[in-house]
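One file, start_11.txt, carrying compact mmCIF, C-alpha atoms and all ligand atoms:
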# COMPACT_ATOMS: atom_id res chain seq x y z
CA MET A 1 -37.75 70.30 -31.02
CA ALA A 2 -40.58 72.74 -31.55
CA GLU A 3 -42.18 75.54 -33.48
CA ILE A 4 -42.58 78.87 -31.67
CA ARG A 5 -45.59 80.94 -32.70
CA ILE A 6 -46.11 84.50 -31.46
CA GLU A 7 -49.48 86.16 -32.04
CA ASN A 8 -50.11 89.90 -31.55
CA LEU A 9 -47.75 90.16 -28.62
CA ARG A 10 -47.78 93.43 -26.70
CA LYS A 11 -46.00 94.45 -23.52
CA THR A 12 -46.39 97.69 -21.65
CA PHE A 13 -44.60 98.91 -18.55
CA GLY A 14 -46.98 101.55 -17.18
CA ASP A 15 -47.57 103.94 -20.09
CA PHE A 16 -44.48 102.76 -21.96
CA VAL A 17 -45.03 100.31 -24.84
CA ALA A 18 -41.98 98.02 -24.98
CA VAL A 19 -43.35 95.54 -27.57
CA GLN A 20 -46.32 95.98 -29.89
CA ASN A 21 -48.22 93.96 -32.49
CA SER A 22 -45.53 91.32 -32.66
CA SER A 23 -46.45 88.24 -34.67
CA PHE A 24 -44.06 85.68 -36.14
CA VAL A 25 -43.35 81.99 -36.42
CA VAL A 26 -40.02 80.31 -35.77
CA GLU A 27 -40.31 77.00 -37.54
CA ASP A 28 -39.10 73.76 -36.02
CA GLY A 29 -35.29 73.72 -36.16
CA GLU A 30 -35.00 77.31 -37.38
CA PHE A 31 -32.57 79.95 -36.06
CA LEU A 32 -34.20 83.36 -35.63
CA ALA A 33 -32.22 86.49 -34.74
CA LEU A 34 -34.08 89.32 -33.01
CA LEU A 35 -32.04 92.30 -34.19
CA GLY A 36 -32.18 95.95 -33.22
CA PRO A 37 -30.58 98.72 -31.18
CA SER A 38 -30.59 98.90 -27.40
CA GLY A 39 -34.05 99.38 -25.93
CA CYS A 40 -36.06 98.25 -28.98
CA GLY A 41 -37.76 95.39 -27.11
CA LYS A 42 -35.65 92.34 -28.04
CA THR A 43 -35.02 91.10 -24.50
CA THR A 44 -38.61 91.77 -23.46
CA THR A 45 -39.82 89.64 -26.40
CA LEU A 46 -37.42 86.86 -25.45
CA ARG A 47 -38.42 87.00 -21.78
CA MET A 48 -42.08 86.64 -22.76
CA ILE A 49 -41.25 83.55 -24.85
CA ALA A 50 -39.28 82.16 -21.90
CA GLY A 51 -42.13 82.78 -19.45
CA LEU A 52 -40.14 85.27 -17.39
CA GLU A 53 -42.45 88.15 -18.34
CA LEU A 54 -46.22 87.99 -18.86
CA PRO A 55 -47.49 89.65 -22.07
CA THR A 56 -49.98 92.50 -21.68
CA GLU A 57 -51.78 91.11 -24.74
CA GLY A 58 -51.26 88.30 -27.24
CA ARG A 59 -50.49 84.61 -27.28
CA ILE A 60 -47.39 82.39 -27.34
CA PHE A 61 -47.58 78.84 -28.71
CA LEU A 62 -44.90 76.20 -28.31
CA ASP A 63 -45.37 73.27 -30.66
CA GLY A 64 -49.02 74.24 -31.08
CA GLU A 65 -49.69 74.41 -27.33
CA ASP A 66 -50.75 77.75 -25.87
CA VAL A 67 -48.09 78.40 -23.19
CA THR A 68 -48.87 82.11 -22.67
CA PHE A 69 -49.69 81.61 -19.00
CA ASN A 70 -47.39 78.64 -18.30
CA ARG A 71 -44.58 79.21 -15.84
CA ALA A 72 -41.02 79.34 -17.20
CA ARG A 73 -40.07 75.95 -15.76
CA ASP A 74 -43.07 74.30 -17.42
CA ARG A 75 -42.06 75.45 -20.93
CA ASP A 76 -39.10 73.16 -21.63
CA ILE A 77 -37.04 76.06 -22.95
CA ALA A 78 -33.35 76.72 -22.27
CA PHE A 79 -32.26 80.31 -21.75
CA VAL A 80 -28.60 81.30 -22.29
CA PHE A 81 -27.78 84.74 -20.88
CA GLN A 82 -24.85 86.96 -21.69
CA LEU A 83 -23.40 86.61 -18.22
CA PHE A 84 -24.32 83.03 -17.63
CA ALA A 85 -23.44 82.23 -14.03
CA LEU A 86 -21.54 78.97 -13.76
CA TYR A 87 -21.16 77.26 -10.40
CA PRO A 88 -17.61 78.37 -9.52
CA HIS A 89 -16.90 75.57 -7.05
CA PHE A 90 -17.87 72.83 -9.58
CA ASN A 91 -15.73 71.53 -12.40
CA VAL A 92 -16.84 71.60 -16.05
CA ARG A 93 -18.41 68.12 -15.87
CA LYS A 94 -20.58 68.99 -12.87
CA ASN A 95 -21.58 72.35 -14.32
CA ILE A 96 -22.84 70.73 -17.53
CA GLY A 97 -24.49 67.81 -15.75
CA PHE A 98 -26.19 69.85 -13.03
CA PRO A 99 -29.60 70.29 -14.77
CA LEU A 100 -29.80 66.50 -15.24
CA LEU A 101 -28.89 65.88 -11.60
CA ALA A 102 -31.67 68.27 -10.59
CA GLN A 103 -34.08 66.26 -12.79
CA GLY A 104 -33.05 63.00 -11.05
CA VAL A 105 -31.50 61.45 -14.19
CA PRO A 106 -29.43 58.32 -13.26
CA LYS A 107 -25.69 58.99 -12.78
CA ALA A 108 -24.51 56.70 -15.62
CA GLU A 109 -26.81 58.47 -18.09
CA ILE A 110 -25.64 61.89 -16.88
CA ARG A 111 -22.03 60.83 -17.48
CA GLU A 112 -22.84 59.63 -20.99
CA ARG A 113 -24.84 62.73 -21.97
CA VAL A 114 -22.29 65.16 -20.51
CA GLU A 115 -19.47 63.47 -22.42
CA GLU A 116 -21.48 63.50 -25.65
CA ILE A 117 -22.18 67.24 -25.30
CA ALA A 118 -18.55 67.97 -24.33
CA ARG A 119 -17.36 66.22 -27.50
CA LEU A 120 -19.86 68.22 -29.56
CA LEU A 121 -18.56 71.48 -28.06
CA GLN A 122 -14.93 70.33 -28.17
CA ILE A 123 -14.40 70.76 -24.44
CA ASP A 124 -14.07 67.05 -23.61
CA ASP A 125 -10.41 67.61 -22.66
CA ILE A 126 -11.29 70.07 -19.88
CA LEU A 127 -14.17 68.17 -18.26
CA ASN A 128 -12.37 67.78 -14.95
CA LYS A 129 -11.04 71.34 -14.74
CA PRO A 130 -12.56 73.89 -12.38
CA VAL A 131 -14.57 76.52 -14.29
CA SER A 132 -13.03 79.37 -12.32
CA GLY A 133 -9.81 79.36 -14.38
CA LEU A 134 -11.42 79.02 -17.82
CA ALA A 135 -11.12 81.56 -20.64
CA GLY A 136 -14.23 83.41 -21.84
CA GLY A 137 -14.90 81.18 -24.85
CA ASP A 138 -14.64 77.97 -22.84
CA ARG A 139 -16.96 79.40 -20.18
CA GLN A 140 -19.51 80.16 -22.95
CA ARG A 141 -19.17 76.60 -24.22
CA VAL A 142 -19.78 75.21 -20.73
CA ALA A 143 -22.83 77.46 -20.45
CA LEU A 144 -24.06 76.21 -23.83
CA GLY A 145 -23.37 72.63 -22.79
CA ARG A 146 -25.46 73.09 -19.68
CA ALA A 147 -28.32 74.45 -21.81
CA ILE A 148 -28.09 71.74 -24.48
CA VAL A 149 -27.72 68.77 -22.15
CA ARG A 150 -31.37 68.97 -21.08
CA ARG A 151 -32.45 68.54 -24.72
CA PRO A 152 -35.02 71.33 -24.38
CA LYS A 153 -37.61 72.08 -27.05
CA CYS A 154 -35.89 75.34 -27.92
CA PHE A 155 -33.09 77.73 -27.02
CA LEU A 156 -33.36 81.38 -26.22
CA MET A 157 -30.09 83.31 -26.22
CA ASP A 158 -29.69 86.89 -25.09
CA GLU A 159 -26.47 88.40 -26.52
CA PRO A 160 -24.52 85.31 -25.42
CA LEU A 161 -21.33 86.57 -27.06
CA GLY A 162 -21.62 90.12 -25.76
CA THR A 163 -18.70 89.93 -23.35
CA LEU A 164 -16.23 88.27 -25.71
CA ASP A 165 -13.52 90.19 -27.53
CA ALA A 166 -13.95 90.64 -31.29
CA GLU A 167 -11.63 87.83 -32.42
CA PHE A 168 -13.22 85.27 -30.15
CA ARG A 169 -16.67 86.44 -31.09
CA ASP A 170 -16.02 85.53 -34.72
CA VAL A 171 -14.91 82.06 -33.69
CA MET A 172 -17.99 81.60 -31.50
CA VAL A 173 -20.32 82.87 -34.23
CA ARG A 174 -19.02 80.11 -36.50
CA GLU A 175 -19.16 77.51 -33.74
CA LEU A 176 -22.71 78.42 -32.74
CA ARG A 177 -23.88 78.14 -36.34
CA GLU A 178 -22.09 74.79 -36.75
CA LEU A 179 -23.64 73.57 -33.53
CA HIS A 180 -27.03 74.63 -34.81
CA ASN A 181 -26.44 72.76 -38.08
CA ARG A 182 -25.75 69.62 -36.07
CA ILE A 183 -28.54 69.70 -33.47
CA HIS A 184 -31.17 71.76 -35.35
CA ALA A 185 -32.62 73.21 -32.17
CA THR A 186 -35.26 75.90 -32.65
CA THR A 187 -33.39 79.01 -31.52
CA VAL A 188 -34.22 82.65 -30.85
CA TYR A 189 -31.07 84.76 -30.57
CA VAL A 190 -31.05 88.38 -29.44
CA THR A 191 -28.35 90.65 -30.80
CA HIS A 192 -27.75 94.30 -31.69
CA ASP A 193 -24.97 93.22 -34.10
CA GLN A 194 -26.22 92.93 -37.68
CA LEU A 195 -23.14 90.99 -38.80
CA GLU A 196 -23.79 88.34 -36.13
CA ALA A 197 -27.42 88.08 -37.19
CA MET A 198 -26.56 87.87 -40.90
CA ALA A 199 -23.90 85.22 -40.31
CA MET A 200 -25.95 82.94 -38.09
CA ALA A 201 -29.67 83.28 -38.63
CA ASP A 202 -32.08 81.56 -41.00
CA LYS A 203 -34.52 84.43 -40.38
CA ILE A 204 -34.11 87.89 -38.90
CA ALA A 205 -36.72 90.02 -37.15
CA ILE A 206 -35.57 93.64 -37.15
CA MET A 207 -37.09 95.62 -34.29
CA ASN A 208 -37.53 99.36 -33.87
CA HIS A 209 -39.27 100.92 -30.85
CA GLY A 210 -41.08 97.68 -29.99
CA ILE A 211 -42.24 97.02 -33.56
CA ILE A 212 -40.97 94.37 -35.95
CA GLU A 213 -40.07 96.40 -39.04
CA GLN A 214 -39.26 93.35 -41.16
CA PHE A 215 -39.17 89.58 -40.76
CA GLY A 216 -37.29 87.63 -43.41
CA THR A 217 -34.17 85.77 -44.44
CA PRO A 218 -30.84 87.64 -44.27
CA GLN A 219 -30.96 87.91 -48.08
CA GLU A 220 -34.48 89.39 -48.05
CA VAL A 221 -33.74 92.03 -45.42
CA TYR A 222 -30.49 92.96 -47.18
CA ASN A 223 -31.74 93.00 -50.77
CA LEU A 224 -35.35 94.09 -50.22
CA PRO A 225 -35.45 96.21 -47.07
CA ALA A 226 -39.04 96.98 -46.08
CA SER A 227 -38.12 100.37 -44.68
CA MET A 228 -35.39 102.99 -44.60
CA TYR A 229 -34.74 101.94 -41.00
CA VAL A 230 -33.95 98.36 -42.07
CA ALA A 231 -31.92 99.54 -45.08
CA ASP A 232 -29.85 101.70 -42.75
CA PHE A 233 -29.47 99.17 -39.93
CA VAL A 234 -28.37 96.23 -42.10
CA GLY A 235 -25.22 96.52 -44.19
CA SER A 236 -21.90 98.23 -43.60
CA PRO A 237 -21.70 100.89 -44.91
CA PRO A 238 -25.51 101.08 -44.91
CA MET A 239 -27.68 101.64 -47.98
CA ASN A 240 -27.33 105.11 -49.55
CA PHE A 241 -30.42 107.29 -49.80
CA ILE A 242 -30.78 109.91 -52.52
CA HIS A 243 -33.68 112.19 -51.70
CA PHE A 244 -35.84 113.82 -54.36
CA GLU A 245 -39.33 115.12 -54.77
CA GLY A 246 -41.60 114.03 -57.58
CA GLY A 247 -43.69 111.24 -58.99
CA VAL A 248 -42.75 108.13 -60.89
CA GLN A 249 -44.69 106.62 -63.74
CA LYS A 250 -45.50 102.94 -63.96
CA GLY A 251 -43.87 100.75 -66.57
CA ASN A 252 -40.25 101.46 -67.29
CA GLY A 253 -40.01 104.51 -65.07
CA SER A 254 -37.05 106.66 -64.32
CA VAL A 255 -36.27 109.35 -61.78
CA ALA A 256 -34.26 112.53 -62.16
CA ILE A 257 -31.15 112.73 -59.94
CA ASN A 258 -28.82 115.72 -60.34
CA GLY A 259 -30.20 116.29 -63.80
CA ALA A 260 -29.62 112.65 -64.86
CA GLN A 261 -32.39 110.16 -65.58
CA ILE A 262 -31.94 107.01 -63.47
CA LYS A 263 -33.89 103.97 -64.54
CA VAL A 264 -35.78 102.32 -61.67
CA PRO A 265 -37.25 98.80 -61.49
CA GLU A 266 -40.59 98.26 -63.12
CA LEU A 267 -43.49 99.95 -61.34
CA HIS A 268 -46.93 98.42 -61.29
CA GLU A 269 -48.70 101.68 -60.58
CA ASP A 270 -47.93 105.38 -60.80
CA ILE A 271 -46.52 107.10 -57.73
CA SER A 272 -47.99 110.54 -57.35
CA PRO A 273 -45.59 113.38 -56.55
CA THR A 274 -44.24 113.19 -53.00
CA LYS A 275 -40.94 113.11 -51.09
CA LEU A 276 -39.10 109.98 -52.18
CA ALA A 277 -35.68 108.41 -51.59
CA LEU A 278 -33.83 106.17 -53.94
CA GLY A 279 -31.97 103.46 -52.03
CA ILE A 280 -28.78 101.92 -53.40
CA ARG A 281 -26.20 99.70 -51.69
CA PRO A 282 -22.54 100.85 -52.04
CA GLU A 283 -21.59 97.73 -54.05
CA HIS A 284 -24.27 98.50 -56.64
CA ILE A 285 -22.66 101.79 -57.64
CA GLN A 286 -19.90 101.81 -60.26
CA LEU A 287 -17.40 104.50 -61.10
CA ASP A 288 -17.82 105.20 -64.79
CA ASP A 289 -16.25 108.13 -66.62
CA ASN A 290 -19.38 108.46 -68.75
CA GLY A 291 -21.75 107.78 -65.80
CA PRO A 292 -24.86 109.96 -65.82
CA VAL A 293 -24.64 111.01 -62.14
CA ARG A 294 -21.70 113.35 -61.50
CA GLY A 295 -20.03 114.20 -58.21
CA SER A 296 -16.67 114.87 -56.59
CA VAL A 297 -14.63 112.50 -54.46
CA PHE A 298 -15.03 113.55 -50.84
CA GLU A 299 -12.97 110.83 -49.15
CA SER A 300 -11.84 107.28 -49.67
CA GLU A 301 -11.33 104.46 -47.18
CA TYR A 302 -8.92 101.72 -48.23
CA LEU A 303 -10.06 98.19 -47.26
CA GLY A 304 -7.60 95.98 -49.12
CA THR A 305 -9.35 94.51 -52.15
CA THR A 306 -12.00 97.23 -52.13
CA GLN A 307 -12.26 100.85 -51.07
CA ILE A 308 -15.24 102.84 -49.88
CA VAL A 309 -15.42 106.09 -51.84
CA ALA A 310 -17.61 108.90 -50.57
CA VAL A 311 -18.86 111.02 -53.46
CA ASP A 312 -20.37 114.45 -52.93
CA LEU A 313 -23.36 114.89 -55.25
CA GLY A 314 -23.87 118.51 -54.25
CA ASN A 315 -26.61 118.08 -51.69
CA GLU A 316 -25.86 114.56 -50.44
CA ILE A 317 -22.86 112.31 -50.02
CA ILE A 318 -23.15 108.70 -51.13
CA LYS A 319 -20.72 105.83 -50.67
CA ALA A 320 -19.63 103.37 -53.34
CA ARG A 321 -17.64 100.17 -52.82
CA VAL A 322 -15.20 99.93 -55.71
CA SER A 323 -11.96 98.15 -56.55
CA SER A 324 -9.01 99.51 -54.59
CA GLU A 325 -6.96 99.47 -57.80
CA ARG A 326 -8.72 102.60 -59.00
CA GLN A 327 -6.60 105.59 -57.95
CA LEU A 328 -8.71 108.53 -56.80
CA LYS A 329 -7.91 112.07 -55.73
CA ILE A 330 -9.92 114.05 -53.23
CA GLY A 331 -12.01 116.58 -55.15
CA GLU A 332 -11.75 114.62 -58.43
CA ASN A 333 -14.87 114.77 -60.60
CA VAL A 334 -16.30 111.28 -61.18
CA GLY A 335 -19.27 109.74 -62.98
CA LEU A 336 -21.42 107.07 -61.40
CA THR A 337 -23.77 104.42 -62.72
CA PHE A 338 -26.28 102.55 -60.57
CA ASP A 339 -27.30 98.94 -60.97
CA SER A 340 -30.98 99.69 -61.74
CA ALA A 341 -32.24 96.21 -60.86
CA LYS A 342 -30.90 96.59 -57.31
CA LEU A 343 -32.48 99.96 -56.52
CA SER A 344 -35.04 100.46 -53.77
CA LEU A 345 -37.54 103.28 -53.55
CA PHE A 346 -38.89 104.67 -50.28
CA GLU A 347 -41.64 107.05 -49.33
CA VAL A 348 -39.75 109.41 -47.02
CA GLU A 349 -42.55 110.44 -44.66
CA SER A 350 -43.49 106.89 -43.64
CA GLY A 351 -40.01 105.51 -44.30
CA ARG A 352 -41.62 102.47 -45.96
CA ALA A 353 -40.43 100.87 -49.19
CA ILE A 354 -42.71 101.36 -52.16
CA GLN A 355 -43.80 97.81 -52.90
CA SER A 356 -44.99 98.52 -56.42
CA VAL A 357 -41.43 99.23 -57.48
CA LEU A 358 -40.61 95.58 -57.27
CA TYR A 359 -40.69 93.10 -60.03
CA GLU A 360 -43.63 90.70 -60.28
CA GLY A 361 -43.51 87.93 -57.68
CA VAL A 362 -41.05 89.63 -55.34
CA SER A 363 -42.32 90.99 -52.07
CA HIS A 364 -40.82 93.10 -49.36
CA GLY A 365 -42.31 90.73 -46.75
P1 LIG A 401 -30.98 95.98 -24.56
O1 LIG A 401 -30.08 95.28 -25.52
O2 LIG A 401 -30.47 97.32 -24.12
O3 LIG A 401 -31.47 95.14 -23.42
P2 LIG A 401 -33.53 95.49 -25.78
O4 LIG A 401 -33.86 95.71 -27.20
O5 LIG A 401 -33.34 94.10 -25.34
O6 LIG A 401 -32.27 96.36 -25.42
P3 LIG A 401 -35.52 95.62 -23.75
O7 LIG A 401 -34.61 95.19 -22.63
O8 LIG A 401 -36.50 94.64 -24.24
O9 LIG A 401 -34.66 96.18 -24.96
O10 LIG A 401 -36.28 96.93 -23.27
C1 LIG A 401 -37.22 97.61 -24.08
C2 LIG A 401 -37.67 98.85 -23.35
O11 LIG A 401 -38.48 98.47 -22.24
C3 LIG A 401 -36.52 99.67 -22.77
O12 LIG A 401 -36.82 101.03 -22.96
C4 LIG A 401 -36.52 99.33 -21.30
O13 LIG A 401 -36.08 100.42 -20.52
C5 LIG A 401 -38.00 99.02 -21.04
N1 LIG A 401 -38.14 98.04 -19.96
C6 LIG A 401 -37.71 96.76 -20.00
N2 LIG A 401 -38.03 96.12 -18.84
C7 LIG A 401 -38.69 97.04 -18.07
C8 LIG A 401 -39.29 96.99 -16.76
N3 LIG A 401 -39.28 95.88 -16.04
N4 LIG A 401 -39.89 98.11 -16.32
C9 LIG A 401 -39.91 99.24 -17.07
N5 LIG A 401 -39.37 99.35 -18.31
C10 LIG A 401 -38.77 98.27 -18.80
Could the structure of this file be written out as structure tokens, please?
Amino acid sequence: MAEIRIENLRKTFGDFVAVQNSSFVVEDGEFLALLGPSGCGKTTTLRMIAGLELPTEGRIFLDGEDVTFNRARDRDIAFVFQLFALYPHFNVRKNIGFPLLAQGVPKAEIRERVEEIARLLQIDDILNKPVSGLAGGDRQRVALGRAIVRRPKCFLMDEPLGTLDAEFRDVMVRELRELHNRIHATTVYVTHDQLEAMAMADKIAIMNHGIIEQFGTPQEVYNLPASMYVADFVGSPPMNFIHFEGGVQKGNGSVAINGAQIKVPELHEDISPTKLALGIRPEHIQLDDNGPVRGSVFESEYLGTTQIVAVDLGNEIIKARVSSERQLKIGENVGLTFDSAKLSLFEVESGRAIQSVLYEGVSHG
């Protein structure tokens, strides 16, 4: 297995910049998700790592070796596409074993390796079936088997679960992560689905218009979003933003929201007056009759053990995740308290998080 190192990668198509200033390291055995909306440059980044697209600028290293100008077939990388074409006239065994046959591996060894992979993927009972009649999930497993059997240095996957229905997707998300835990193959996985990325990845790179907005663990991007874009993209419902204009003093600062003083995490320097947004996740807001921030219930969405309550603060609506046992009426006046330690602060114009808000030793990455 191998480390993948990307340095200052840039890709333009004519005047259009698809990927810019991309630098990151996927450590040996790590699972990285490239996450972002359609058109943000995920596939282009993956294709450059695979050797299917030449970067306009920058370098790609595989296990320390500069492979920027190596052809795809000389990179020892396996690529799993969304619509992975299986050979329809072959059975499962031949589909999985085909890359080894092409490499001239002896037949007995192919048999052994195919059966080992089939057991790993729990498709050893369908080895002799034609692939044409297989269900979507089994086809994906055969495709994965064909990629794994070569024992490549790393795997690149482009929305491999994109065509599966929701129920099967959940099963495959778990299976892919379990498979990764067993074989520890360095993996780069492209997805636009934040839940998939959060559930599977060791690290997530969140892309926006060709730029990596944040690179970190799922916990880091969720708890300490580097920008309003990340805070909004990750989490469902996303982070709430409460806009205000003003400055914040260092030390134990507080900000004024709807006439109430809200304590914010310790600042290390003063923030001079500007347009700011306080960021708070729905689960860090509590309904509290004596809460300093007042609003009226706008709507409520029942989710079983919890409910998502939208509260109208006058000029913005924020969402809180609270116990579904609390009975609420539309229009009811409620008080809210915020978990101060979990607040984020953003500079609205740039959209970036204000790093100095954070406690000593914690960084937005
Ligand atoms: P999707 O999930 O829709 O594929 P993505 O994040 O993977 O989204 P890319 O496929 O990397 O996005 O595309 C990034 C941008 O680059 C898009 O605007 C796309 O139209 C453009 N692009 C990609 N390949 C080419 C090409 N060969 N020529 C011109 N533009 C391209």
Residues within 10 Å of ligand LIG 401 (chain A), counting all atoms listed in the file, as a CSV table (one decimal) with C-alpha atoms, in the frame of the given file:
chain,number,residue,atom,x,y,z
A,11,LYS,CA,-46.0,94.4,-23.5
A,12,THR,CA,-46.4,97.7,-21.6
A,13,PHE,CA,-44.6,98.9,-18.6
A,14,GLY,CA,-47.0,101.6,-17.2
A,15,ASP,CA,-47.6,103.9,-20.1
A,16,PHE,CA,-44.5,102.8,-22.0
A,17,VAL,CA,-45.0,100.3,-24.8
A,18,ALA,CA,-42.0,98.0,-25.0
A,19,VAL,CA,-43.4,95.5,-27.6
A,34,LEU,CA,-34.1,89.3,-33.0
A,35,LEU,CA,-32.0,92.3,-34.2
A,36,GLY,CA,-32.2,96.0,-33.2
A,37,PRO,CA,-30.6,98.7,-31.2
A,38,SER,CA,-30.6,98.9,-27.4
A,39,GLY,CA,-34.0,99.4,-25.9
A,40,CYS,CA,-36.1,98.2,-29.0
A,41,GLY,CA,-37.8,95.4,-27.1
A,42,LYS,CA,-35.6,92.3,-28.0
A,43,THR,CA,-35.0,91.1,-24.5
A,44,THR,CA,-38.6,91.8,-23.5
A,45,THR,CA,-39.8,89.6,-26.4
A,46,LEU,CA,-37.4,86.9,-25.4
A,47,ARG,CA,-38.4,87.0,-21.8
A,48,MET,CA,-42.1,86.6,-22.8
A,53,GLU,CA,-42.4,88.2,-18.3
A,158,ASP,CA,-29.7,86.9,-25.1
A,159,GLU,CA,-26.5,88.4,-26.5
A,162,GLY,CA,-21.6,90.1,-25.8
A,190,VAL,CA,-31.0,88.4,-29.4
A,191,THR,CA,-28.4,90.6,-30.8
A,192,HIS,CA,-27.8,94.3,-31.7
A,207,MET,CA,-37.1,95.6,-34.3
A,208,ASN,CA,-37.5,99.4,-33.9
A,209,HIS,CA,-39.3,100.9,-30.8
A,210,GLY,CA,-41.1,97.7,-30.0
From atom CA of A:Asp288 to atom CA of A:Gln249 the spacing works out at 26.9 Å
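The closest residue to A:Lys319, picked from A:Arg146, A:Arg113, A:Arg5, A:His284 and counting all atoms listed in the file, is A:His284.
When the distance limit is 6 Å and all atoms listed in the file are what count, the residues near A:Ile6, minus those fewer than 3 positions from it on the same chain, are Ser23, Phe24 and Ile60 of chain A.
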Which residue out of A:Asp270, A:Glu109, A:Asp193, A:Glu316 has the minimum interatomic distance to A:Gly247 when only C-alpha atoms are used? A:Asp270
Report, as lines of an AutoDock Vina configuration file, the centre and edge lengths in Å (one decimal) of the axis-aligned box enclosing every listed atom of stretch 12-27 of chain A, padded by 5 Å on each side.
center_x = -44.1
center_y = 90.5
center_z = -27.4
size_x = 18.2
size_y = 36.9
size_z = 30.4
With distances taken over all atoms listed in the file, which residue among A:Ser324, A:Leu100, A:Pro106, A:Ile354 lies nearest A:Glu269? A:Ile354
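Atom CA of A:Gly253 lies 10.0 Å from atom CA of A:His268.
Across the model, the gap from atom CA of A:Phe233 to atom CA of A:Met200 is 16.7 Å.
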Give me, as a count of residues only, all polymer residues having an atom no more than 9 Å from stretch 307-310 of chain A, counting only C-alpha atoms and skipping those fewer than 2 positions away in the same chain. 24
I want to know what sits within 7 Å of stretch 215-231 of chain A, based on only C-alpha atoms, with residues of the same chain fewer than 3 positions away left out; could you give that as a ChimeraX atom specification? /A:198,202-206,234,238-239,346,351-353,364-365
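For the residues A:Phe244, A:Phe168, A:Phe338, A:Phe61, ranking by smallest atom-to-atom distance to A:Gln286 using only C-alpha atoms places A:Phe338 first.
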A:Asp125, A:Glu116, A:Ala2, A:Asp28: which is nearest A:Asp63, counting all atoms listed in the file? A:Ala2
Distance query A:Glu115 at most 7 Å, only C-alpha atoms, self and fewer than 4 positions along chain excluded, as a list of chain:residue names: A:Arg111, A:Arg119, A:Asp124
Could you please take those selected residues and save C-alpha atoms as a PDB file, keeping the file's coordinate frame?
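Writing done, so here's out20.pdb:
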ATOM      1  CA  ARG A 111     -22.030  60.830 -17.480  1.00  0.00           C
ATOM      2  CA  ARG A 119     -17.360  66.220 -27.500  1.00  0.00           C
ATOM      3  CA  ASP A 124     -14.070  67.050 -23.610  1.00  0.00           C
TER       4      ASP A 124
END
Which residues are near A:Pro152? Cut-off 9 Å, all atoms listed in the file, ignore same chain within fewer than 5 positions. Put them as a PyMOL selection string. chain A and resi 1+75-78+147+185
Using only C-alpha atoms, which of the listed residues (A:Glu7, A:Ser22, A:Pro88, A:Gly136) sits closest to A:Gln214? A:Ser22
Name the residues within 8 Å of (-40.9, 99.8, -65.0), counting only C-alpha atoms in the file's coordinates, and put them as number ranges by chain. A: 249-254, 264-268, 357
Could you complete stretch 177-188 of chain A so that it carries N, CA and C atoms, and give it back as an mmCIF file, keeping the file's coordinate frame?
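Everything below was put into rebuild_28.cif:
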data_model
loop_
_atom_site.group_PDB
_atom_site.id
_atom_site.type_symbol
_atom_site.label_atom_id
_atom_site.label_comp_id
_atom_site.auth_asym_id
_atom_site.auth_seq_id
_atom_site.Cartn_x
_atom_site.Cartn_y
_atom_site.Cartn_z
ATOM 1 N N ARG A 177 -23.151 78.510 -35.122
ATOM 2 C CA ARG A 177 -23.880 78.140 -36.340
ATOM 3 C C ARG A 177 -23.637 76.652 -36.672
ATOM 4 N N GLU A 178 -22.392 76.210 -36.489
ATOM 5 C CA GLU A 178 -22.090 74.790 -36.750
ATOM 6 C C GLU A 178 -22.849 73.901 -35.785
ATOM 7 N N LEU A 179 -22.898 74.330 -34.538
ATOM 8 C CA LEU A 179 -23.640 73.570 -33.530
ATOM 9 C C LEU A 179 -25.111 73.482 -33.929
ATOM 10 N N HIS A 180 -25.630 74.617 -34.390
ATOM 11 C CA HIS A 180 -27.030 74.630 -34.810
ATOM 12 C C HIS A 180 -27.248 73.675 -35.990
ATOM 13 N N ASN A 181 -26.311 73.668 -36.919
ATOM 14 C CA ASN A 181 -26.440 72.760 -38.080
ATOM 15 C C ASN A 181 -26.463 71.303 -37.645
ATOM 16 N N ARG A 182 -25.797 71.011 -36.523
ATOM 17 C CA ARG A 182 -25.750 69.620 -36.070
ATOM 18 C C ARG A 182 -26.982 69.246 -35.256
ATOM 19 N N ILE A 183 -27.436 70.126 -34.360
ATOM 20 C CA ILE A 183 -28.540 69.700 -33.470
ATOM 21 C C ILE A 183 -29.903 70.251 -33.890
ATOM 22 N N HIS A 184 -29.921 71.218 -34.823
ATOM 23 C CA HIS A 184 -31.170 71.760 -35.350
ATOM 24 C C HIS A 184 -32.183 72.128 -34.260
ATOM 25 N N ALA A 185 -31.703 72.805 -33.234
ATOM 26 C CA ALA A 185 -32.620 73.210 -32.170
ATOM 27 C C ALA A 185 -33.265 74.543 -32.547
ATOM 28 N N THR A 186 -34.565 74.633 -32.400
ATOM 29 C CA THR A 186 -35.260 75.900 -32.650
ATOM 30 C C THR A 186 -34.635 76.951 -31.719
ATOM 31 N N THR A 187 -34.162 78.040 -32.310
ATOM 32 C CA THR A 187 -33.390 79.010 -31.520
ATOM 33 C C THR A 187 -33.862 80.435 -31.776
ATOM 34 N N VAL A 188 -33.991 81.201 -30.704
ATOM 35 C CA VAL A 188 -34.220 82.650 -30.850
ATOM 36 C C VAL A 188 -33.020 83.330 -30.199
#
